[in-house]
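Report on the following structure.
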Protein chains: 2
Amino acid sequence: MSKQADLPVLGQDEACCAPMVREPLGEVDAAELSRMFKALSDPIRLRLLSLIASHEGGEACVCDLTGPFDVSQPTISHHLKVLREAGLVGSERRGTWVYYWVLPEALGRLSALLETPAVPAKASA
Amino acid sequence: MSKQADLPVLGQDEACCAPMVREPLGEVDAAELSRMFKALSDPIRLRLLSLIASHEGGEACVCDLTGPFDVSQPTISHHLKVLREAGLVGSERRGTWVYYWVLPEALGRLSALLETPAVPAKASA
DNA sequence: CGGCTGTATCGACATCCGTCGATACAGCAT
DNA sequence: ATGCTGTATCGACGGATGTCGATACAGCCG
């Protein structure tokens, strides 16, 4: 087993962050990761996340996020809470407004997990 | 018989597959992507997927997949169906057994979407 | 101070989802 | 053919989830 000391991207711990193509996920890791994916499993939350991530300055006020959707303000607030509790975004009140930003470490962890090393059937011995 | 072209990594189209950090997701893309993430939002499905992906030969028989879990065989079959209908795995009956394999293009698409271009502005001085 | 705007929480409701046992279906072996 | 094993489908049930309106909380401004 090779231990990589200084991986350039998302060096978390190797327990759960190697591409799932390499080794089966343990129960504990699967539970935690599934919670994050569940937060991404709603189209509104996905759009919220992308709105936040792509917003100028890397953060967005809730007031920027309620407009584009057809659902009520409490519903948006609920979805933002889900994203926050999944560890995908951070938030902070600044005066009247509340700002949300993406936590790139979390996204990167999921991204790395889903990475496909190469085309299949081309086994590297 | 792999219908896999020689596309090495997730070249898709940039409409939905650029990192979501770059531009907000459209409603249609968000709907489709959220369906895939929903398939990943269950710990058993996540473990199933990693078992399949990491299995020797890149594919696994259902008989290899029912053992590691505490749930019934119909439940496993249901989860495999969800993964298949989300476009994350393919399957084929070969005599008595049914084999499942991962569709790397789909995983790569999700991975690319979650890619974070760099560390956040605050962290690196 | 009182009122106004922005955001979160609460309680209720309909729908969706994971799970099961029972059962149907597919293919091999005898 | 008959039975046996592997897998999928069905119907049901309990719990989770998305949504709303009503309301509470936080901070600005007159």
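Residues are referred to by chain and number: the chain letter is A, B, ... according to the order shown in the structure tokens, the number counts from 1 in that chain, and ligands are numbered separately from 1 in the order shown.
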
Could you give me, as a compact mmCIF listing (two decimals) with N, CA and C atoms (P, O5', C5', C4', C3', O3' and C1' of nucleotides), in the first residue's frame, the residues within 10 Å of DA26 of chain C, counting only C-alpha atoms (C1' of nucleotides) and dropping anything in the same chain fewer than 6 positions from it?
```
# COMPACT_ATOMS: atom_id res chain seq x y z
N ARG B 93 -27.17 -10.09 -18.91
CA ARG B 93 -27.32 -11.46 -18.44
C ARG B 93 -26.40 -12.34 -19.26
N GLY B 95 -25.90 -16.23 -19.33
CA GLY B 95 -26.29 -17.53 -18.79
C GLY B 95 -27.08 -17.33 -17.52
N THR B 96 -26.68 -17.99 -16.49
CA THR B 96 -27.42 -17.92 -15.24
C THR B 96 -27.24 -16.58 -14.53
N TRP B 97 -26.07 -15.99 -14.70
CA TRP B 97 -25.76 -14.82 -13.89
C TRP B 97 -25.93 -13.51 -14.63
P DG D 6 -27.10 -19.94 -6.45
O5' DG D 6 -27.49 -18.74 -7.43
C5' DG D 6 -27.00 -18.76 -8.76
C4' DG D 6 -27.72 -17.70 -9.56
C3' DG D 6 -27.75 -16.31 -8.92
O3' DG D 6 -27.37 -15.36 -9.90
C1' DG D 6 -29.94 -16.97 -9.49
P DT D 7 -27.03 -13.84 -9.49
O5' DT D 7 -28.41 -13.11 -9.84
C5' DT D 7 -28.79 -12.98 -11.20
C4' DT D 7 -30.19 -12.47 -11.31
C3' DT D 7 -30.47 -11.10 -10.68
O3' DT D 7 -30.65 -10.17 -11.73
C1' DT D 7 -32.26 -12.65 -10.34
P DA D 8 -31.11 -8.65 -11.41
O5' DA D 8 -32.69 -8.74 -11.59
C5' DA D 8 -33.22 -9.22 -12.82
C4' DA D 8 -34.74 -9.14 -12.81
C3' DA D 8 -35.32 -7.78 -12.43
O3' DA D 8 -36.33 -7.45 -13.36
C1' DA D 8 -36.21 -9.48 -11.01
```

Query raised in the report: Using only C-alpha atoms (C1' of nucleotides), which residues sit within 10 Å of DC17 of chain C once same-chain residues fewer than 6 positions away are excluded, as a PyMOL selection string?
Result: chain D and resi 15-17

Requested in this report: Identify, on the basis of only C-alpha atoms (C1' of nucleotides), every residue whose closest approach to DC20 of chain C does not exceed 9 Å; exclude the query and any residue fewer than 3 positions from it along the same chain; express the result as a ChimeraX atom specification.
Outcome: /B:72,74-75 /D:12-13

Let's have the selection written as an mmCIF file, in the first residue's frame, with N, CA, C and O atoms (P, O5', C5', C4', C3', O3' and C1' of nucleotides).
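result-v7.cif was written with the following content:
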```
data_model
loop_
_atom_site.group_PDB
_atom_site.id
_atom_site.type_symbol
_atom_site.label_atom_id
_atom_site.label_comp_id
_atom_site.auth_asym_id
_atom_site.auth_seq_id
_atom_site.Cartn_x
_atom_site.Cartn_y
_atom_site.Cartn_z
ATOM 1 N N SER B 72 -31.944 -7.661 2.075
ATOM 2 C CA SER B 72 -32.406 -8.818 1.320
ATOM 3 C C SER B 72 -32.001 -8.732 -0.149
ATOM 4 O O SER B 72 -31.628 -7.668 -0.645
ATOM 5 N N PRO B 74 -33.945 -8.924 -2.867
ATOM 6 C CA PRO B 74 -34.756 -7.977 -3.647
ATOM 7 C C PRO B 74 -34.308 -6.535 -3.471
ATOM 8 O O PRO B 74 -34.347 -5.744 -4.427
ATOM 9 N N THR B 75 -33.871 -6.205 -2.288
ATOM 10 C CA THR B 75 -33.420 -4.838 -2.048
ATOM 11 C C THR B 75 -32.160 -4.531 -2.858
ATOM 12 O O THR B 75 -32.051 -3.462 -3.458
ATOM 13 P P DA D 12 -51.334 -4.025 -2.094
ATOM 14 O "O5'" DA D 12 -50.482 -3.843 -0.758
ATOM 15 C "C5'" DA D 12 -50.086 -5.010 -0.045
ATOM 16 C "C4'" DA D 12 -49.169 -4.640 1.100
ATOM 17 C "C3'" DA D 12 -49.591 -3.384 1.873
ATOM 18 O "O3'" DA D 12 -49.559 -3.655 3.252
ATOM 19 C "C1'" DA D 12 -47.328 -3.208 1.172
ATOM 20 P P DC D 13 -50.309 -2.708 4.285
ATOM 21 O "O5'" DC D 13 -49.105 -2.108 5.119
ATOM 22 C "C5'" DC D 13 -48.067 -2.974 5.592
ATOM 23 C "C4'" DC D 13 -46.877 -2.153 5.968
ATOM 24 C "C3'" DC D 13 -47.229 -0.838 6.672
ATOM 25 O "O3'" DC D 13 -46.541 -0.770 7.894
ATOM 26 C "C1'" DC D 13 -45.672 -0.484 4.936
#
```

Query raised in the report: Of the residues A:Glu23, A:Gln73, A:Gly58, A:Leu48, which is the one nearest to chain C, using only C-alpha atoms (C1' of nucleotides)?
Result: A:Gln73

Report task. Using only C-alpha atoms (C1' of nucleotides), determine which residues lie at most 10 Å from Leu113 of chain B, disregarding the query and same-chain residues fewer than 3 positions distant; provide the list as a list in words. Result -> Ser50, Leu107, Gly108 and Ser111 of chain A; Cys16, Cys17, Ala18, Pro19, Met20, Val21, Arg22, Leu25, Leu33, Leu107, Gly108, Arg109, Leu110 and Thr116 of chain B

Please produce a file of the residues just selected, as a PDB file, in the first residue's frame, where the atoms kept are C-alpha atoms.
```pdb
ATOM      1  CA  SER A  50     -23.708  26.337  -8.750  1.00  0.00           C
ATOM      2  CA  LEU A 107     -16.556  19.156  -3.544  1.00  0.00           C
ATOM      3  CA  GLY A 108     -13.041  18.076  -4.425  1.00  0.00           C
ATOM      4  CA  SER A 111     -14.938  14.729  -7.408  1.00  0.00           C
TER       5      SER A 111
ATOM      6  CA  CYS B  16     -23.364  20.772 -18.403  1.00  0.00           C
ATOM      7  CA  CYS B  17     -19.963  19.406 -17.669  1.00  0.00           C
ATOM      8  CA  ALA B  18     -17.879  22.385 -16.925  1.00  0.00           C
ATOM      9  CA  PRO B  19     -17.241  22.631 -13.229  1.00  0.00           C
ATOM     10  CA  MET B  20     -20.272  24.211 -11.610  1.00  0.00           C
ATOM     11  CA  VAL B  21     -17.908  26.741 -10.173  1.00  0.00           C
ATOM     12  CA  ARG B  22     -17.703  28.308 -13.602  1.00  0.00           C
ATOM     13  CA  LEU B  25     -26.498  25.151 -13.945  1.00  0.00           C
ATOM     14  CA  LEU B  33     -27.591  15.600 -12.834  1.00  0.00           C
ATOM     15  CA  LEU B 107     -18.974   9.037 -13.347  1.00  0.00           C
ATOM     16  CA  GLY B 108     -16.456  11.227 -15.100  1.00  0.00           C
ATOM     17  CA  ARG B 109     -19.159  13.696 -15.947  1.00  0.00           C
ATOM     18  CA  LEU B 110     -20.148  14.071 -12.326  1.00  0.00           C
ATOM     19  CA  THR B 116     -12.778  22.781  -7.895  1.00  0.00           C
TER      20      THR B 116
END
```

Query raised in the report: So how many Å separate atom CA of Val102 of chain A and atom CA of Asp64 of chain A, to one decimal?
Result: 14.9 Å

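Here atom CA of Leu88 of chain B stands at a distance of 9.9 Å from atom CA of Phe37 of chain B.
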
Requested in this report: Enumerate as a ChimeraX atom specification all residues of segment 38-81 of chain A assigned to helix (DSSP H, G or I) by DSSP on the backbone, naming them with the chain letters and numbers the document uses.
Outcome: /A:38-39,43-54,56-58,62-65,73-81

Report task. Skip segment 24-30 of chain D itself and residues of its chain fewer than 3 positions away, then list as a list in words all residues within 10 Å of it, counting only C-alpha atoms (C1' of nucleotides). Result ->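 Within the cut-off, the hits are Arg93, Arg94, Gly95, Thr96 and Trp97 of chain A; DG2, DG3, DC4, DT5, DG6, DT7, DA8, DT9 and DC10 of chain C.
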
Dump of N, CA, C and O atoms (P, O5', C5', C4', C3', O3' and C1' of nucleotides) for the selected residues, as a PDB file, in the first residue's frame:
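Saved to part_20.pdb:
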```
ATOM      1  N   ARG A  93     -23.536  35.486   8.683  1.00  0.00           N
ATOM      2  CA  ARG A  93     -24.380  36.671   8.649  1.00  0.00           C
ATOM      3  C   ARG A  93     -23.479  37.893   8.665  1.00  0.00           C
ATOM      4  O   ARG A  93     -22.565  38.000   9.492  1.00  0.00           O
ATOM      5  N   ARG A  94     -23.773  38.818   7.768  1.00  0.00           N
ATOM      6  CA  ARG A  94     -22.989  40.052   7.721  1.00  0.00           C
ATOM      7  C   ARG A  94     -23.992  41.203   7.682  1.00  0.00           C
ATOM      8  O   ARG A  94     -24.454  41.576   6.607  1.00  0.00           O
ATOM      9  N   GLY A  95     -24.312  41.718   8.848  1.00  0.00           N
ATOM     10  CA  GLY A  95     -25.318  42.763   8.910  1.00  0.00           C
ATOM     11  C   GLY A  95     -26.671  42.179   8.598  1.00  0.00           C
ATOM     12  O   GLY A  95     -27.059  41.160   9.166  1.00  0.00           O
ATOM     13  N   THR A  96     -27.352  42.795   7.681  1.00  0.00           N
ATOM     14  CA  THR A  96     -28.690  42.341   7.342  1.00  0.00           C
ATOM     15  C   THR A  96     -28.686  41.041   6.557  1.00  0.00           C
ATOM     16  O   THR A  96     -29.572  40.214   6.713  1.00  0.00           O
ATOM     17  N   TRP A  97     -27.649  40.823   5.760  1.00  0.00           N
ATOM     18  CA  TRP A  97     -27.666  39.701   4.838  1.00  0.00           C
ATOM     19  C   TRP A  97     -26.845  38.515   5.304  1.00  0.00           C
ATOM     20  O   TRP A  97     -25.889  38.656   6.065  1.00  0.00           O
TER      21      TRP A  97
ATOM     22  P    DG C   2     -42.652  51.480  20.948  1.00  0.00           P
ATOM     23  O5'  DG C   2     -42.916  51.594  19.385  1.00  0.00           O
ATOM     24  C5'  DG C   2     -43.194  52.870  18.801  1.00  0.00           C
ATOM     25  C4'  DG C   2     -43.136  52.727  17.290  1.00  0.00           C
ATOM     26  C3'  DG C   2     -43.780  51.440  16.791  1.00  0.00           C
ATOM     27  O3'  DG C   2     -44.607  51.732  15.676  1.00  0.00           O
ATOM     28  C1'  DG C   2     -41.533  51.551  16.054  1.00  0.00           C
ATOM     29  P    DG C   3     -45.476  50.561  15.004  1.00  0.00           P
ATOM     30  O5'  DG C   3     -44.810  50.414  13.563  1.00  0.00           O
ATOM     31  C5'  DG C   3     -44.426  51.593  12.855  1.00  0.00           C
ATOM     32  C4'  DG C   3     -43.388  51.248  11.806  1.00  0.00           C
ATOM     33  C3'  DG C   3     -43.763  50.048  10.935  1.00  0.00           C
ATOM     34  O3'  DG C   3     -43.517  50.389   9.586  1.00  0.00           O
ATOM     35  C1'  DG C   3     -41.614  49.771  11.781  1.00  0.00           C
ATOM     36  P    DC C   4     -44.231  49.578   8.421  1.00  0.00           P
ATOM     37  O5'  DC C   4     -43.001  49.149   7.503  1.00  0.00           O
ATOM     38  C5'  DC C   4     -41.936  50.069   7.276  1.00  0.00           C
ATOM     39  C4'  DC C   4     -40.679  49.297   6.891  1.00  0.00           C
ATOM     40  C3'  DC C   4     -40.969  48.043   6.079  1.00  0.00           C
ATOM     41  O3'  DC C   4     -40.297  48.109   4.835  1.00  0.00           O
ATOM     42  C1'  DC C   4     -39.469  47.567   7.856  1.00  0.00           C
ATOM     43  P    DT C   5     -40.589  46.946   3.726  1.00  0.00           P
ATOM     44  O5'  DT C   5     -39.235  46.115   3.685  1.00  0.00           O
ATOM     45  C5'  DT C   5     -38.004  46.787   3.445  1.00  0.00           C
ATOM     46  C4'  DT C   5     -36.853  45.856   3.754  1.00  0.00           C
ATOM     47  C3'  DT C   5     -36.908  44.526   2.979  1.00  0.00           C
ATOM     48  O3'  DT C   5     -35.625  44.234   2.482  1.00  0.00           O
ATOM     49  C1'  DT C   5     -36.708  44.119   5.290  1.00  0.00           C
ATOM     50  P    DG C   6     -35.391  43.090   1.383  1.00  0.00           P
ATOM     51  O5'  DG C   6     -34.592  41.983   2.201  1.00  0.00           O
ATOM     52  C5'  DG C   6     -33.326  42.296   2.731  1.00  0.00           C
ATOM     53  C4'  DG C   6     -32.874  41.200   3.660  1.00  0.00           C
ATOM     54  C3'  DG C   6     -32.940  39.792   3.049  1.00  0.00           C
ATOM     55  O3'  DG C   6     -31.713  39.132   3.312  1.00  0.00           O
ATOM     56  C1'  DG C   6     -34.087  39.835   5.120  1.00  0.00           C
ATOM     57  P    DT C   7     -31.318  37.736   2.601  1.00  0.00           P
ATOM     58  O5'  DT C   7     -31.721  36.700   3.734  1.00  0.00           O
ATOM     59  C5'  DT C   7     -30.936  36.641   4.918  1.00  0.00           C
ATOM     60  C4'  DT C   7     -31.588  35.766   5.957  1.00  0.00           C
ATOM     61  C3'  DT C   7     -31.804  34.313   5.549  1.00  0.00           C
ATOM     62  O3'  DT C   7     -30.879  33.522   6.275  1.00  0.00           O
ATOM     63  C1'  DT C   7     -33.628  35.201   6.796  1.00  0.00           C
ATOM     64  P    DA C   8     -30.923  31.908   6.189  1.00  0.00           P
ATOM     65  O5'  DA C   8     -31.795  31.527   7.464  1.00  0.00           O
ATOM     66  C5'  DA C   8     -31.396  31.978   8.737  1.00  0.00           C
ATOM     67  C4'  DA C   8     -32.352  31.476   9.806  1.00  0.00           C
ATOM     68  C3'  DA C   8     -32.585  29.970   9.795  1.00  0.00           C
ATOM     69  O3'  DA C   8     -32.430  29.475  11.113  1.00  0.00           O
ATOM     70  C1'  DA C   8     -34.657  31.118   9.682  1.00  0.00           C
ATOM     71  P    DT C   9     -32.519  27.901  11.373  1.00  0.00           P
ATOM     72  O5'  DT C   9     -33.989  27.720  11.988  1.00  0.00           O
ATOM     73  C5'  DT C   9     -34.378  28.489  13.114  1.00  0.00           C
ATOM     74  C4'  DT C   9     -35.840  28.275  13.422  1.00  0.00           C
ATOM     75  C3'  DT C   9     -36.264  26.802  13.518  1.00  0.00           C
ATOM     76  O3'  DT C   9     -36.915  26.598  14.760  1.00  0.00           O
ATOM     77  C1'  DT C   9     -37.748  28.024  12.151  1.00  0.00           C
ATOM     78  P    DC C  10     -37.336  25.113  15.205  1.00  0.00           P
ATOM     79  O5'  DC C  10     -38.908  25.130  14.943  1.00  0.00           O
ATOM     80  C5'  DC C  10     -39.641  26.295  15.288  1.00  0.00           C
ATOM     81  C4'  DC C  10     -41.122  26.105  14.974  1.00  0.00           C
ATOM     82  C3'  DC C  10     -41.584  24.655  15.009  1.00  0.00           C
ATOM     83  O3'  DC C  10     -42.799  24.568  15.718  1.00  0.00           O
ATOM     84  C1'  DC C  10     -42.123  25.615  12.919  1.00  0.00           C
TER      85       DC C  10
END
```

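Interatomic distance, atom CA of His79 of chain B against atom CA of Asp42 of chain B: 8.8 Å.
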
Query - Residues flagged strand (DSSP E) by DSSP in chain A, as number ranges by chain - result: A: 59-61, 89-94, 97-102

For the selection you just gave me, I'd like the residues written to a file as a compact mmCIF listing (two decimals), in the first residue's frame, keeping N, CA, C and O atoms.
```txt
# COMPACT_ATOMS: atom_id res chain seq x y z
N GLU A 59 -18.98 33.98 -3.29
CA GLU A 59 -20.03 33.87 -2.30
C GLU A 59 -21.25 34.65 -2.76
O GLU A 59 -21.16 35.56 -3.58
N ALA A 60 -22.39 34.26 -2.21
CA ALA A 60 -23.63 34.89 -2.62
C ALA A 60 -24.52 35.11 -1.40
O ALA A 60 -24.52 34.32 -0.45
N CYS A 61 -25.25 36.20 -1.46
CA CYS A 61 -26.23 36.52 -0.43
C CYS A 61 -27.50 35.72 -0.72
O CYS A 61 -27.79 35.38 -1.86
N VAL A 89 -21.26 23.79 1.94
CA VAL A 89 -21.14 25.24 1.91
C VAL A 89 -20.96 25.77 3.33
O VAL A 89 -21.30 25.09 4.31
N GLY A 90 -20.41 26.95 3.41
CA GLY A 90 -20.34 27.65 4.68
C GLY A 90 -21.23 28.88 4.59
O GLY A 90 -21.62 29.29 3.51
N SER A 91 -21.55 29.47 5.74
CA SER A 91 -22.40 30.65 5.72
C SER A 91 -22.04 31.57 6.87
O SER A 91 -21.44 31.16 7.86
N GLU A 92 -22.42 32.82 6.69
CA GLU A 92 -22.10 33.82 7.71
C GLU A 92 -23.07 34.99 7.55
O GLU A 92 -23.39 35.38 6.43
N ARG A 93 -23.54 35.49 8.68
CA ARG A 93 -24.38 36.67 8.65
C ARG A 93 -23.48 37.89 8.66
O ARG A 93 -22.56 38.00 9.49
N ARG A 94 -23.77 38.82 7.77
CA ARG A 94 -22.99 40.05 7.72
C ARG A 94 -23.99 41.20 7.68
O ARG A 94 -24.45 41.58 6.61
N TRP A 97 -27.65 40.82 5.76
CA TRP A 97 -27.67 39.70 4.84
C TRP A 97 -26.84 38.51 5.30
O TRP A 97 -25.89 38.66 6.07
N VAL A 98 -27.21 37.36 4.81
CA VAL A 98 -26.47 36.13 5.10
C VAL A 98 -25.81 35.67 3.81
O VAL A 98 -26.47 35.60 2.77
N TYR A 99 -24.54 35.39 3.90
CA TYR A 99 -23.78 34.98 2.71
C TYR A 99 -23.43 33.50 2.79
O TYR A 99 -23.16 32.97 3.86
N TYR A 100 -23.43 32.87 1.63
CA TYR A 100 -23.05 31.46 1.52
C TYR A 100 -21.90 31.33 0.53
O TYR A 100 -21.85 32.02 -0.48
N TRP A 101 -21.01 30.40 0.84
CA TRP A 101 -19.91 30.10 -0.09
C TRP A 101 -19.69 28.59 -0.11
O TRP A 101 -20.04 27.87 0.84
N VAL A 102 -19.08 28.14 -1.18
CA VAL A 102 -18.82 26.71 -1.35
C VAL A 102 -17.56 26.32 -0.59
O VAL A 102 -16.62 27.12 -0.49
```

Report task. Have a look at D:DC4, D:DT9, D:DG21, D:DG14 and name the one nearest to DA12 of chain C; count only C-alpha atoms (C1' of nucleotides). Result -> D:DG21

Requested in this report: Find the residues of chain C in contact range of chain B, meaning any atom within 10 Å when counting only C-alpha atoms (C1' of nucleotides), and list them as a VMD selection string.
Outcome: chain C and resid 18 to 21 26 to 28
